[in-house]
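*Asks:* To be precise about what I am sending: the file is called final-v8.txt and holds compact mmCIF, C-alpha atoms and all ligand atoms.
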# COMPACT_ATOMS: atom_id res chain seq x y z
CA MET D 309 -2.46 6.23 -55.54
CA SER D 310 -0.84 2.96 -56.44
CA ASN D 311 -0.77 0.10 -53.97
CA ASN D 312 3.04 0.16 -53.97
CA PHE D 313 3.02 3.79 -52.94
CA LYS D 314 0.58 3.09 -50.10
CA ILE D 315 2.83 0.28 -48.84
CA ALA D 316 5.87 2.56 -49.03
CA VAL D 317 4.06 5.27 -47.01
CA ALA D 318 2.97 2.72 -44.39
CA LEU D 319 6.50 1.35 -44.07
CA GLY D 320 7.87 4.88 -43.79
CA LEU D 321 5.46 5.68 -40.97
CA LEU D 322 6.41 2.48 -39.17
CA ALA D 323 10.11 3.29 -39.47
CA LEU D 324 9.45 6.76 -38.06
CA LEU D 325 7.53 5.32 -35.11
CA PHE D 326 10.38 2.89 -34.46
CA LEU D 327 12.91 5.72 -34.48
CA VAL D 328 10.81 7.78 -32.05
CA LEU D 329 10.13 4.94 -29.59
CA MET D 330 13.44 3.08 -29.64
CA PRO D 331 15.62 5.61 -27.79
CA LYS D 332 13.00 5.81 -25.02
CA LEU D 333 12.85 2.02 -24.65
CA LEU D 334 16.63 1.76 -24.67
CA TRP D 335 16.94 4.56 -22.15
CA ASN D 336 14.45 2.90 -19.78
CA ARG D 337 16.40 -0.35 -20.04
CA LEU D 338 19.68 1.37 -19.30
CA ARG D 339 18.20 3.24 -16.39
CA ARG D 340 16.83 0.04 -14.86
CA GLY D 341 20.27 -1.58 -15.17
CA TYR D 342 21.90 1.47 -13.68
CA ASN D 343 19.62 1.47 -10.65
CA LEU D 344 20.45 -2.12 -9.88
CA THR D 345 24.21 -1.96 -10.02
CA THR D 346 24.99 1.36 -8.43
CA PHE D 347 23.14 3.42 -5.91
CA ARG D 348 25.11 6.63 -6.09
CA SER D 349 23.58 9.12 -8.43
CA ASP D 350 25.17 12.55 -8.88
CA ASN D 351 21.92 14.43 -9.35
CA LEU D 352 20.02 12.75 -6.53
CA SER D 353 18.19 15.27 -4.38
CA TYR D 354 17.58 13.67 -1.03
CA GLN D 355 14.31 13.95 0.86
CA LYS D 356 15.41 14.94 4.34
CA LEU D 357 14.21 12.73 7.18
CA LYS D 358 13.96 13.66 10.84
CA GLU D 359 15.96 11.51 13.26
CA LEU D 360 14.71 9.16 15.94
CA SER D 361 16.75 8.81 19.12
CA GLY D 362 16.25 5.04 19.04
CA ALA D 363 13.89 2.17 18.30
CA GLU D 364 12.89 -1.19 19.74
CA ILE D 365 11.69 -4.04 17.55
CA LEU D 366 9.92 -7.15 18.81
CA VAL D 367 9.28 -10.06 16.45
CA LEU D 368 5.65 -10.96 17.19
CA VAL D 369 5.33 -13.56 14.44
CA ASP D 370 7.87 -15.42 12.31
CA ASN D 371 8.09 -18.87 10.70
CA GLU D 372 10.91 -19.86 13.01
CA PRO D 373 9.87 -20.79 16.54
CA SER D 374 11.39 -19.08 19.55
CA ASN D 375 14.32 -20.92 21.07
CA SER D 376 13.60 -19.64 24.57
CA ASN D 377 9.85 -19.06 24.96
CA PHE D 378 8.02 -22.25 24.04
CA GLU D 379 4.58 -20.74 24.67
CA LEU D 380 4.93 -18.58 21.54
CA LYS D 381 3.42 -19.80 18.29
CA ALA D 382 5.44 -19.75 15.08
CA ALA D 383 3.56 -19.38 11.78
CA TRP D 384 4.47 -18.70 8.17
CA GLY D 385 4.44 -14.90 7.94
CA ILE D 386 5.86 -11.88 9.71
CA SER D 387 4.72 -9.26 12.20
CA LEU D 388 6.97 -6.78 13.99
CA TYR D 389 5.97 -4.54 16.89
CA VAL D 390 8.02 -1.35 16.79
CA LYS D 391 8.48 1.37 19.39
CA ALA D 392 10.28 4.49 18.25
CA GLN D 393 10.51 7.39 20.69
CA ASN D 394 6.90 8.02 21.73
CA VAL D 395 5.26 6.15 18.86
CA SER D 396 4.47 2.47 18.54
CA PHE D 397 3.19 0.68 15.46
CA LEU D 398 2.80 -2.69 13.79
CA PHE D 399 4.75 -3.71 10.70
CA ASP D 400 2.66 -6.45 9.01
CA THR D 401 0.36 -8.70 11.00
CA GLY D 402 1.30 -12.33 10.30
CA PRO D 403 -1.07 -14.92 8.82
CA SER D 404 -3.85 -15.09 11.40
CA PRO D 405 -5.63 -13.08 14.10
CA GLU D 406 -5.35 -16.03 16.54
CA VAL D 407 -1.55 -16.30 16.29
CA LEU D 408 -1.13 -12.53 16.60
CA GLU D 409 -3.45 -12.34 19.62
CA HIS D 410 -1.82 -15.34 21.30
CA ASN D 411 1.74 -14.04 20.89
CA CYS D 412 0.79 -10.48 21.93
CA LYS D 413 -0.69 -11.90 25.15
CA VAL D 414 2.34 -14.14 25.85
CA LEU D 415 4.74 -11.22 25.22
CA GLY D 416 2.61 -8.69 27.10
CA VAL D 417 2.16 -6.43 24.06
CA ASP D 418 -0.87 -4.15 24.12
CA LEU D 419 -1.71 -3.11 20.56
CA SER D 420 -4.46 -0.68 21.64
CA ASN D 421 -1.92 2.17 21.76
CA ILE D 422 -0.40 1.77 18.30
CA SER D 423 -0.44 4.83 16.05
CA PHE D 424 -0.71 2.93 12.77
CA VAL D 425 -0.28 -0.35 10.92
CA PHE D 426 2.12 -0.62 8.00
CA ILE D 427 1.25 -3.33 5.48
CA SER D 428 4.23 -4.16 3.26
CA HIS D 429 2.14 -5.97 0.62
CA GLU D 430 -1.15 -7.75 0.25
CA HIS D 431 -0.24 -11.42 0.77
CA GLY D 432 -2.20 -13.24 3.46
CA ASP D 433 0.86 -14.05 5.58
CA HIS D 434 1.22 -10.27 6.12
CA THR D 435 -2.39 -9.12 6.30
CA GLY D 436 -4.02 -12.14 8.02
CA GLY D 437 -3.74 -10.74 11.56
CA LEU D 438 -5.63 -7.51 10.75
CA PRO D 439 -8.99 -8.70 12.20
CA TYR D 440 -7.32 -8.91 15.65
CA VAL D 441 -5.87 -5.40 15.26
CA ALA D 442 -9.36 -4.17 14.27
CA LYS D 443 -10.67 -5.44 17.62
CA VAL D 444 -8.02 -3.80 19.82
CA ALA D 445 -7.06 -0.71 17.81
CA PRO D 446 -10.11 0.07 15.65
CA SER D 447 -9.86 2.68 12.92
CA VAL D 448 -6.10 3.31 13.12
CA PRO D 449 -4.55 4.30 9.78
CA VAL D 450 -3.29 1.36 7.73
CA TYR D 451 -0.56 2.31 5.24
CA VAL D 452 -0.60 0.18 2.09
CA PRO D 453 1.41 0.36 -1.15
CA SER D 454 -0.43 1.91 -4.08
CA GLY D 455 -0.99 -0.67 -6.78
CA MET D 456 -2.38 -3.15 -4.25
CA SER D 457 -5.38 -5.16 -5.54
CA SER D 458 -8.61 -3.26 -4.95
CA SER D 459 -10.34 -6.32 -3.47
CA VAL D 460 -7.70 -6.60 -0.71
CA ARG D 461 -7.91 -2.87 -0.05
CA ARG D 462 -11.71 -3.07 0.25
CA GLY D 463 -11.32 -6.02 2.65
CA ILE D 464 -9.09 -3.89 4.92
CA GLU D 465 -11.58 -0.99 4.75
CA ARG D 466 -14.43 -3.33 5.68
CA LEU D 467 -12.58 -4.09 8.93
CA GLY D 468 -13.13 -0.40 9.77
CA PHE D 469 -9.61 0.83 9.06
CA ASN D 470 -8.67 4.09 7.44
CA VAL D 471 -6.57 2.91 4.47
CA VAL D 472 -3.78 5.29 3.42
CA GLU D 473 -2.22 4.55 0.05
CA VAL D 474 1.50 5.28 -0.27
CA LYS D 475 2.42 6.32 -3.81
CA GLY D 476 6.12 7.14 -3.52
CA PRO D 477 8.96 7.59 -1.05
CA GLN D 478 7.48 9.63 1.81
CA GLN D 479 7.95 10.40 5.48
CA MET D 480 4.87 9.21 7.40
CA LEU D 481 5.74 10.37 10.89
CA GLU D 482 8.92 12.09 12.11
CA GLY D 483 11.85 9.80 11.27
CA ILE D 484 9.59 7.06 9.90
CA ALA D 485 9.18 6.71 6.13
CA SER D 486 8.10 4.42 3.31
CA THR D 487 10.50 3.53 0.50
CA GLY D 488 7.55 3.94 -1.85
CA PRO D 489 6.12 0.93 -3.68
CA LEU D 490 7.95 -1.13 -6.25
CA MET D 491 6.17 -3.49 -8.67
CA SER D 492 2.38 -3.67 -8.95
CA GLY D 493 -0.67 -5.83 -8.28
CA SER D 494 -0.22 -8.62 -5.77
CA LEU D 495 3.54 -7.96 -5.68
CA ALA D 496 3.34 -4.19 -5.07
CA GLU D 497 5.46 -3.77 -1.97
CA HIS D 498 7.05 -1.02 0.07
CA GLY D 499 9.50 -1.10 2.96
CA LEU D 500 9.53 0.97 6.14
CA ILE D 501 12.47 3.16 7.10
CA LEU D 502 13.46 4.14 10.64
CA ASN D 503 16.02 6.93 10.61
CA LEU D 504 18.14 6.54 13.73
CA GLN D 505 20.31 9.24 15.20
CA GLY D 506 24.01 8.38 15.06
CA LYS D 507 23.36 5.22 13.02
CA GLY D 508 21.42 5.89 9.85
CA MET D 509 18.42 4.21 8.28
CA VAL D 510 17.13 0.78 9.18
CA LEU D 511 14.89 -0.78 6.53
CA LEU D 512 12.10 -3.20 7.46
CA VAL D 513 10.90 -5.45 4.64
CA GLY D 514 7.98 -7.90 4.52
CA CYS D 515 8.76 -10.35 1.73
CA ALA D 516 11.01 -8.18 -0.46
CA HIS D 517 9.34 -9.48 -3.63
CA PRO D 518 10.86 -6.60 -5.68
CA GLY D 519 14.31 -7.66 -4.38
CA VAL D 520 15.82 -6.65 -1.06
CA ASP D 521 18.65 -4.92 -2.98
CA ARG D 522 16.23 -2.81 -5.04
CA MET D 523 14.28 -1.89 -1.92
CA LEU D 524 17.50 -0.78 -0.20
CA LEU D 525 18.37 1.30 -3.25
CA ASN D 526 14.94 2.91 -3.08
CA ALA D 527 15.61 3.81 0.55
CA THR D 528 18.63 5.82 -0.60
CA ASN D 529 16.17 8.43 -1.90
CA PHE D 530 16.41 9.73 1.65
CA SER D 531 20.09 9.24 2.46
CA GLU D 532 23.04 7.00 1.64
CA GLU D 533 23.50 6.18 5.28
CA VAL D 534 21.81 2.83 5.58
CA PHE D 535 22.55 1.05 8.85
CA GLY D 536 20.68 -2.19 8.39
CA VAL D 537 17.90 -4.32 6.99
CA ILE D 538 15.44 -6.56 8.82
CA GLY D 539 12.72 -8.87 7.48
CA GLY D 540 11.82 -11.36 4.76
CA PHE D 541 14.35 -11.37 1.91
CA HIS D 542 12.46 -13.92 -0.23
CA LEU D 543 15.51 -15.91 -1.25
CA MET D 544 14.46 -19.53 -0.92
CA GLY D 545 15.98 -21.38 -3.85
CA ALA D 546 17.95 -18.29 -4.97
CA SER D 547 21.13 -18.95 -6.95
CA GLU D 548 24.62 -18.24 -5.60
CA THR D 549 24.90 -15.48 -8.23
CA ARG D 550 21.77 -13.79 -6.93
CA LEU D 551 23.01 -13.99 -3.33
CA GLU D 552 26.34 -12.48 -4.40
CA GLN D 553 24.50 -9.69 -6.25
CA ILE D 554 22.68 -8.81 -3.03
CA ALA D 555 25.86 -9.13 -0.95
CA LYS D 556 27.46 -6.59 -3.30
CA VAL D 557 24.77 -4.02 -2.47
CA PHE D 558 25.03 -4.82 1.28
CA ASP D 559 28.77 -4.25 0.91
CA GLU D 560 28.43 -1.00 -1.03
CA LEU D 561 26.11 0.34 1.64
CA SER D 562 28.39 -0.99 4.44
CA LEU D 563 25.43 -2.49 6.27
CA GLN D 564 26.08 -3.01 9.95
CA LEU D 565 22.92 -4.95 10.75
CA ILE D 566 21.48 -7.81 8.66
CA VAL D 567 18.52 -9.68 10.13
CA PRO D 568 16.90 -12.10 7.68
CA LEU D 569 13.52 -13.38 8.83
CA HIS D 570 10.40 -15.05 7.39
CA CYS D 571 10.91 -16.05 3.71
CA SER D 572 14.68 -15.47 3.58
CA GLY D 573 15.45 -19.19 3.50
CA LYS D 574 18.09 -21.22 5.34
CA THR D 575 20.68 -21.06 2.52
CA ALA D 576 20.53 -17.27 2.31
CA LYS D 577 20.69 -17.01 6.10
CA SER D 578 23.91 -19.05 6.28
CA PHE D 579 25.32 -17.20 3.25
CA PHE D 580 24.88 -13.79 4.93
CA LYS D 581 26.03 -15.14 8.29
CA GLU D 582 29.25 -16.31 6.63
CA HIS D 583 29.81 -13.18 4.52
CA PHE D 584 28.82 -10.59 7.13
CA PRO D 585 29.65 -12.15 10.52
CA GLN D 586 29.79 -8.74 12.23
CA ALA D 587 26.46 -7.50 10.89
CA TYR D 588 24.46 -10.74 10.85
CA LEU D 589 21.94 -11.35 13.61
CA ASP D 590 19.90 -14.49 14.04
CA ALA D 591 16.27 -13.75 14.95
CA GLN D 592 12.94 -15.54 15.13
CA THR D 593 9.55 -15.34 16.87
CA GLY D 594 9.97 -13.50 20.16
CA SER D 595 13.37 -11.90 19.32
CA PHE D 596 13.87 -8.40 20.67
CA LEU D 597 16.19 -5.80 19.14
CA LYS D 598 17.11 -2.52 20.76
CA LEU D 599 18.60 0.06 18.42
CA GLY D 600 19.95 3.19 19.98
CA PRO D 601 19.80 4.51 23.51
ZN ZN D 701 4.53 -12.14 -0.19
ZN ZN D 702 5.52 -13.40 3.06
Could the structure of this file be written out as structure tokens, please?

*Replies:*
Amino acid sequence: MSNNFKIAVALGLLALLFLVLMPKLLWNRLRRGYNLTTFRSDNLSYQKLKELSGAEILVLVDNEPSNSNFELKAAWGISLYVKAQNVSFLFDTGPSPEVLEHNCKVLGVDLSNISFVFISHEHGDHTGGLPYVAKVAPSVPVYVPSGMSSSVRRGIERLGFNVVEVKGPQQMLEGIASTGPLMSGSLAEHGLILNLQGKGMVLLVGCAHPGVDRMLLNATNFSEEVFGVIGGFHLMGASETRLEQIAKVFDELSLQLIVPLHCSGKTAKSFFKEHFPQAYLDAQTGSFLKLGP
């Protein structure tokens, strides 16, 4: 076989490989674009969620200090105490066990009765309070996004918790679901959905590293009726274009409650306040929200 022939065969094989792989790559690209700009898909089969009659959310920890209770400590991070029907749980734990313990005591919150802890993602400003939870509610299930670093997962297990990895959109308890994780490694993150009777879904997000818009779109695996979003939107330093992109999704979903906390940033907060005056709600450490009866 001549060298020229060998080169021709090799080139032919390469061309064939290119032809086989290219449509798949292009398709994946298109699909990603499609997911970002529109959330309505004709062949979407919804996962049905049960409904909760109502929910109460108390901001245990946030970067912004309380404007009424000066005993509370503010710290970079987020932790929400949620009561929904006869279940209570913790959404993230803030940056430190001391801050979490202090604020729980000031607010009269007893974590010993919680059913589970939901960890949005592995960053320390969300997982740092876990040692306090381990003292008062030992061995409760801790839901984490799959893809989380194994060292962080082992650290949570060493505190005595039963770690439950969430791999995709799933209902955890009646009316309470995870969006399923987006991204991987230290940025793997999932949001928590509360499905409220007569309102629709409320999405809680920790830092929204994958994008608060993408996380909302993931929530529509369950239903298109999204009532609101609460938590860290991670938009410090975000461009006007990016804020408008997110506003477009908020608009498309007709959100009626927008509560940016934690890492949302002052610019994004005023942007959403201006664009959605009816839905926007200012909240910080110690804020209490009652949704439903
Ligand atoms: Zn983070
Ligand atoms: Zn954070």

*Asks:* Would you mind listing what lies within 12 Å of Gly463 in chain D as a list in words, with all atoms listed in the file counted and same-chain residues fewer than 5 positions away left out?

*Replies:* Glu430, Gly432, Thr435, Gly436, Leu438, Pro439, Ala442, Met456, Ser457, Ser458, Gly468, Phe469, Asn470 and Val471 of chain D

*Asks:* Please report as JSON lines every residue of chain D lying within 7 Å of ligand ZN 702 (chain D), along with the nearest atom pair and their distance in Å (one decimal), using only C-alpha atoms and all ligand atoms.

*Replies:*
{"residue": "D:Gly385", "atom": "CA", "partner": "D:ZN702", "partner_atom": "ZN", "distance": 5.2}
{"residue": "D:Ile386", "atom": "CA", "partner": "D:ZN702", "partner_atom": "ZN", "distance": 6.8}
{"residue": "D:His431", "atom": "CA", "partner": "D:ZN702", "partner_atom": "ZN", "distance": 6.5}
{"residue": "D:Asp433", "atom": "CA", "partner": "D:ZN702", "partner_atom": "ZN", "distance": 5.3}
{"residue": "D:His434", "atom": "CA", "partner": "D:ZN702", "partner_atom": "ZN", "distance": 6.1}
{"residue": "D:Gly514", "atom": "CA", "partner": "D:ZN702", "partner_atom": "ZN", "distance": 6.2}
{"residue": "D:Cys515", "atom": "CA", "partner": "D:ZN702", "partner_atom": "ZN", "distance": 4.6}
{"residue": "D:Gly540", "atom": "CA", "partner": "D:ZN702", "partner_atom": "ZN", "distance": 6.8}
{"residue": "D:His570", "atom": "CA", "partner": "D:ZN702", "partner_atom": "ZN", "distance": 6.7}
{"residue": "D:Cys571", "atom": "CA", "partner": "D:ZN702", "partner_atom": "ZN", "distance": 6.0}

*Asks:* For the selection just defined, write its residues with C-alpha atoms to a file, as a compact mmCIF listing (two decimals), in the frame of the given file.

*Replies:*
# COMPACT_ATOMS: atom_id res chain seq x y z
CA GLY D 385 4.44 -14.90 7.94
CA ILE D 386 5.86 -11.88 9.71
CA HIS D 431 -0.24 -11.42 0.77
CA ASP D 433 0.86 -14.05 5.58
CA HIS D 434 1.22 -10.27 6.12
CA GLY D 514 7.98 -7.90 4.52
CA CYS D 515 8.76 -10.35 1.73
CA GLY D 540 11.82 -11.36 4.76
CA HIS D 570 10.40 -15.05 7.39
CA CYS D 571 10.91 -16.05 3.71

*Asks:* For the atom pair CA of Thr528 in chain D and CA of Ala516 in chain D, what is the interatomic distance in Å to one decimal place?

*Replies:* 15.9 Å

*Asks:* Please indicate the distance in Å from CA of Phe579 in chain D to CA of Phe596 in chain D, rounded to one decimal place.

*Replies:*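 It comes out at 22.6 Å.
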
*Asks:* Counting all atoms listed in the file, which residue out of D:Asn411, D:Ser387, D:Asn529, D:Ser459 sits closest to Ser486 in chain D?

*Replies:*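 Under the stated criterion, the closest residue is D:Asn529.
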
*Asks:* What is the CA of Ser547 in chain D to CA of Ala576 in chain D distance in Å?

*Replies:*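 Result for CA of Ser547 in chain D versus CA of Ala576 in chain D: 9.4 Å, one decimal.
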
*Asks:* Got a sec: who's within 10 Å of His517 in chain D, counting only C-alpha atoms, leaving out chain neighbours fewer than 2 positions off, as a PyMOL selection string?

*Replies:* chain D and resi 429+490-491+494-498+513-515+519-520+522-523+540-543+571

*Asks:* Would you mind listing what lies within 8 Å of Thr487 in chain D as a ChimeraX atom specification, with all atoms listed in the file counted and same-chain residues fewer than 2 positions away left out?

*Replies:* /D:476-478,485,489,498-501,523,526-527,529

*Asks:* So that I can check the surroundings of Leu368 in chain D, please list as a PyMOL selection string every protein, DNA and RNA residue that reaches within 6 Å of it, counting all atoms listed in the file and ignoring chain neighbours fewer than 2 positions away.

*Replies:* chain D and resi 366+387-388+593-594

*Asks:* Which residues, written as a list in words, have at least one atom at most 9 Å from Lys381 in chain D, with only C-alpha atoms counted and residues fewer than 4 positions away on the same chain left out?

*Replies:*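 Near Lys381 in chain D, the qualifying residues are Val369, Asp370, Asn371, Pro373, Ser374, Val407, Leu408, His410, Asn411 and Thr593 of chain D.
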
*Asks:* If I put a ball of radius 12 Å at (21.3, -17.2, -3.6) in the file's coordinates, which residues poke into it when counting all atoms listed in the file, written as a list in words?

*Replies:*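 I get Gly519, Phe541, His542, Leu543, Met544, Gly545, Ala546, Ser547, Glu548, Thr549, Arg550, Leu551, Glu552, Gln553, Ile554, Ala555, Ser572, Gly573, Lys574, Thr575, Ala576, Lys577, Ser578, Phe579 and Phe580 of chain D for the residues within 12 Å of that point.
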
*Asks:* Counting only C-alpha atoms and all ligand atoms, figure out which residue out of D:Leu467, D:Phe378, D:Gly493, D:Leu481 gets nearest to ligand ZN 701 (chain D).

*Replies:*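 Closest candidate: D:Gly493.
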
*Asks:* Using only C-alpha atoms and a cutoff of 6 Å, can you tell me which residues are near (19.8, 5.8, 17.5) in the file's coordinates, and write them out as a ChimeraX atom specification?

*Replies:* /D:361-362,504-507,599-600

*Asks:* Taking into account only C-alpha atoms and all ligand atoms, which residue in the set D:Ile427, D:Ile538, D:Cys412, D:Met480 is nearest to ligand ZN 701 (chain D)?

*Replies:*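 Looking at the shortest contact to ligand ZN 701 (chain D), the residue is D:Ile427.
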
*Asks:* Restricting the calculation to all atoms listed in the file: of D:Ile566, D:Ser428, D:Ser454, D:Tyr588, which residue gets closest to Thr401 in chain D?

*Replies:*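 With all atoms listed in the file as the atom set, the closest residue is D:Ser428.
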
*Asks:* Of the residues D:Arg462, D:Gly539, D:Leu502, D:Ser562, which is the one nearest to ligand ZN 701 (chain D), using only C-alpha atoms and all ligand atoms?

*Replies:*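 Ranking D:Arg462, D:Gly539, D:Leu502, D:Ser562 by distance to ligand ZN 701 (chain D), first place goes to D:Gly539.
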
*Asks:* Which residue, D:Asp559, D:Glu359, D:Glu379, D:Asp521, has the smallest gap to Leu415 in chain D when you use all atoms listed in the file?

*Replies:* D:Glu379

*Asks:* What would range 514-539 of chain D look like with N, CA and C atoms restored, written as a compact mmCIF listing (two decimals), keeping the file's coordinate frame?

*Replies:*
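Saved result, result-v9.txt, follows:
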# COMPACT_ATOMS: atom_id res chain seq x y z
N GLY D 514 8.91 -6.80 4.26
CA GLY D 514 7.98 -7.90 4.52
C GLY D 514 8.44 -9.17 3.84
N CYS D 515 8.33 -9.19 2.51
CA CYS D 515 8.76 -10.35 1.73
C CYS D 515 9.85 -9.97 0.74
N ALA D 516 10.03 -8.67 0.53
CA ALA D 516 11.01 -8.18 -0.46
C ALA D 516 10.82 -8.83 -1.83
N HIS D 517 9.57 -8.93 -2.29
CA HIS D 517 9.34 -9.48 -3.63
C HIS D 517 10.08 -8.68 -4.72
N PRO D 518 10.13 -7.33 -4.63
CA PRO D 518 10.86 -6.60 -5.68
C PRO D 518 12.38 -6.79 -5.59
N GLY D 519 12.87 -7.49 -4.57
CA GLY D 519 14.31 -7.66 -4.38
C GLY D 519 14.76 -6.80 -3.21
N VAL D 520 15.41 -7.41 -2.24
CA VAL D 520 15.82 -6.65 -1.06
C VAL D 520 16.86 -5.59 -1.46
N ASP D 521 17.66 -5.90 -2.50
CA ASP D 521 18.65 -4.92 -2.98
C ASP D 521 17.97 -3.70 -3.59
N ARG D 522 16.94 -3.94 -4.41
CA ARG D 522 16.23 -2.81 -5.04
C ARG D 522 15.52 -1.97 -3.98
N MET D 523 14.99 -2.63 -2.96
CA MET D 523 14.28 -1.89 -1.92
C MET D 523 15.26 -1.03 -1.12
N LEU D 524 16.47 -1.56 -0.89
CA LEU D 524 17.50 -0.78 -0.20
C LEU D 524 17.89 0.43 -1.05
N LEU D 525 18.00 0.20 -2.36
CA LEU D 525 18.37 1.30 -3.25
C LEU D 525 17.29 2.38 -3.25
N ASN D 526 16.03 1.95 -3.15
CA ASN D 526 14.94 2.91 -3.08
C ASN D 526 15.01 3.74 -1.79
N ALA D 527 15.48 3.09 -0.73
CA ALA D 527 15.61 3.81 0.55
C ALA D 527 16.63 4.93 0.43
N THR D 528 17.60 4.79 -0.49
CA THR D 528 18.63 5.82 -0.60
C THR D 528 18.09 7.11 -1.25
N ASN D 529 16.80 7.16 -1.53
CA ASN D 529 16.17 8.43 -1.90
C ASN D 529 16.25 9.42 -0.75
N PHE D 530 16.39 8.88 0.46
CA PHE D 530 16.41 9.73 1.65
C PHE D 530 17.84 10.05 2.09
N SER D 531 18.71 9.04 2.02
CA SER D 531 20.09 9.24 2.46
C SER D 531 20.89 8.01 2.05
N GLU D 532 22.21 8.16 1.96
CA GLU D 532 23.04 7.00 1.64
C GLU D 532 23.45 6.25 2.89
N GLU D 533 23.10 6.83 4.04
CA GLU D 533 23.50 6.18 5.28
C GLU D 533 22.48 5.14 5.70
N VAL D 534 22.70 3.93 5.23
CA VAL D 534 21.81 2.83 5.58
C VAL D 534 22.53 1.96 6.61
N PHE D 535 21.93 1.80 7.77
CA PHE D 535 22.55 1.05 8.85
C PHE D 535 22.25 -0.44 8.75
N GLY D 536 21.01 -0.76 8.41
CA GLY D 536 20.68 -2.19 8.39
C GLY D 536 19.37 -2.53 7.71
N VAL D 537 19.13 -3.82 7.61
CA VAL D 537 17.90 -4.32 6.99
C VAL D 537 17.38 -5.52 7.78
N ILE D 538 16.08 -5.52 8.01
CA ILE D 538 15.44 -6.56 8.82
C ILE D 538 14.19 -7.05 8.11
N GLY D 539 13.99 -8.37 8.01
CA GLY D 539 12.72 -8.87 7.48
C GLY D 539 12.87 -10.02 6.51
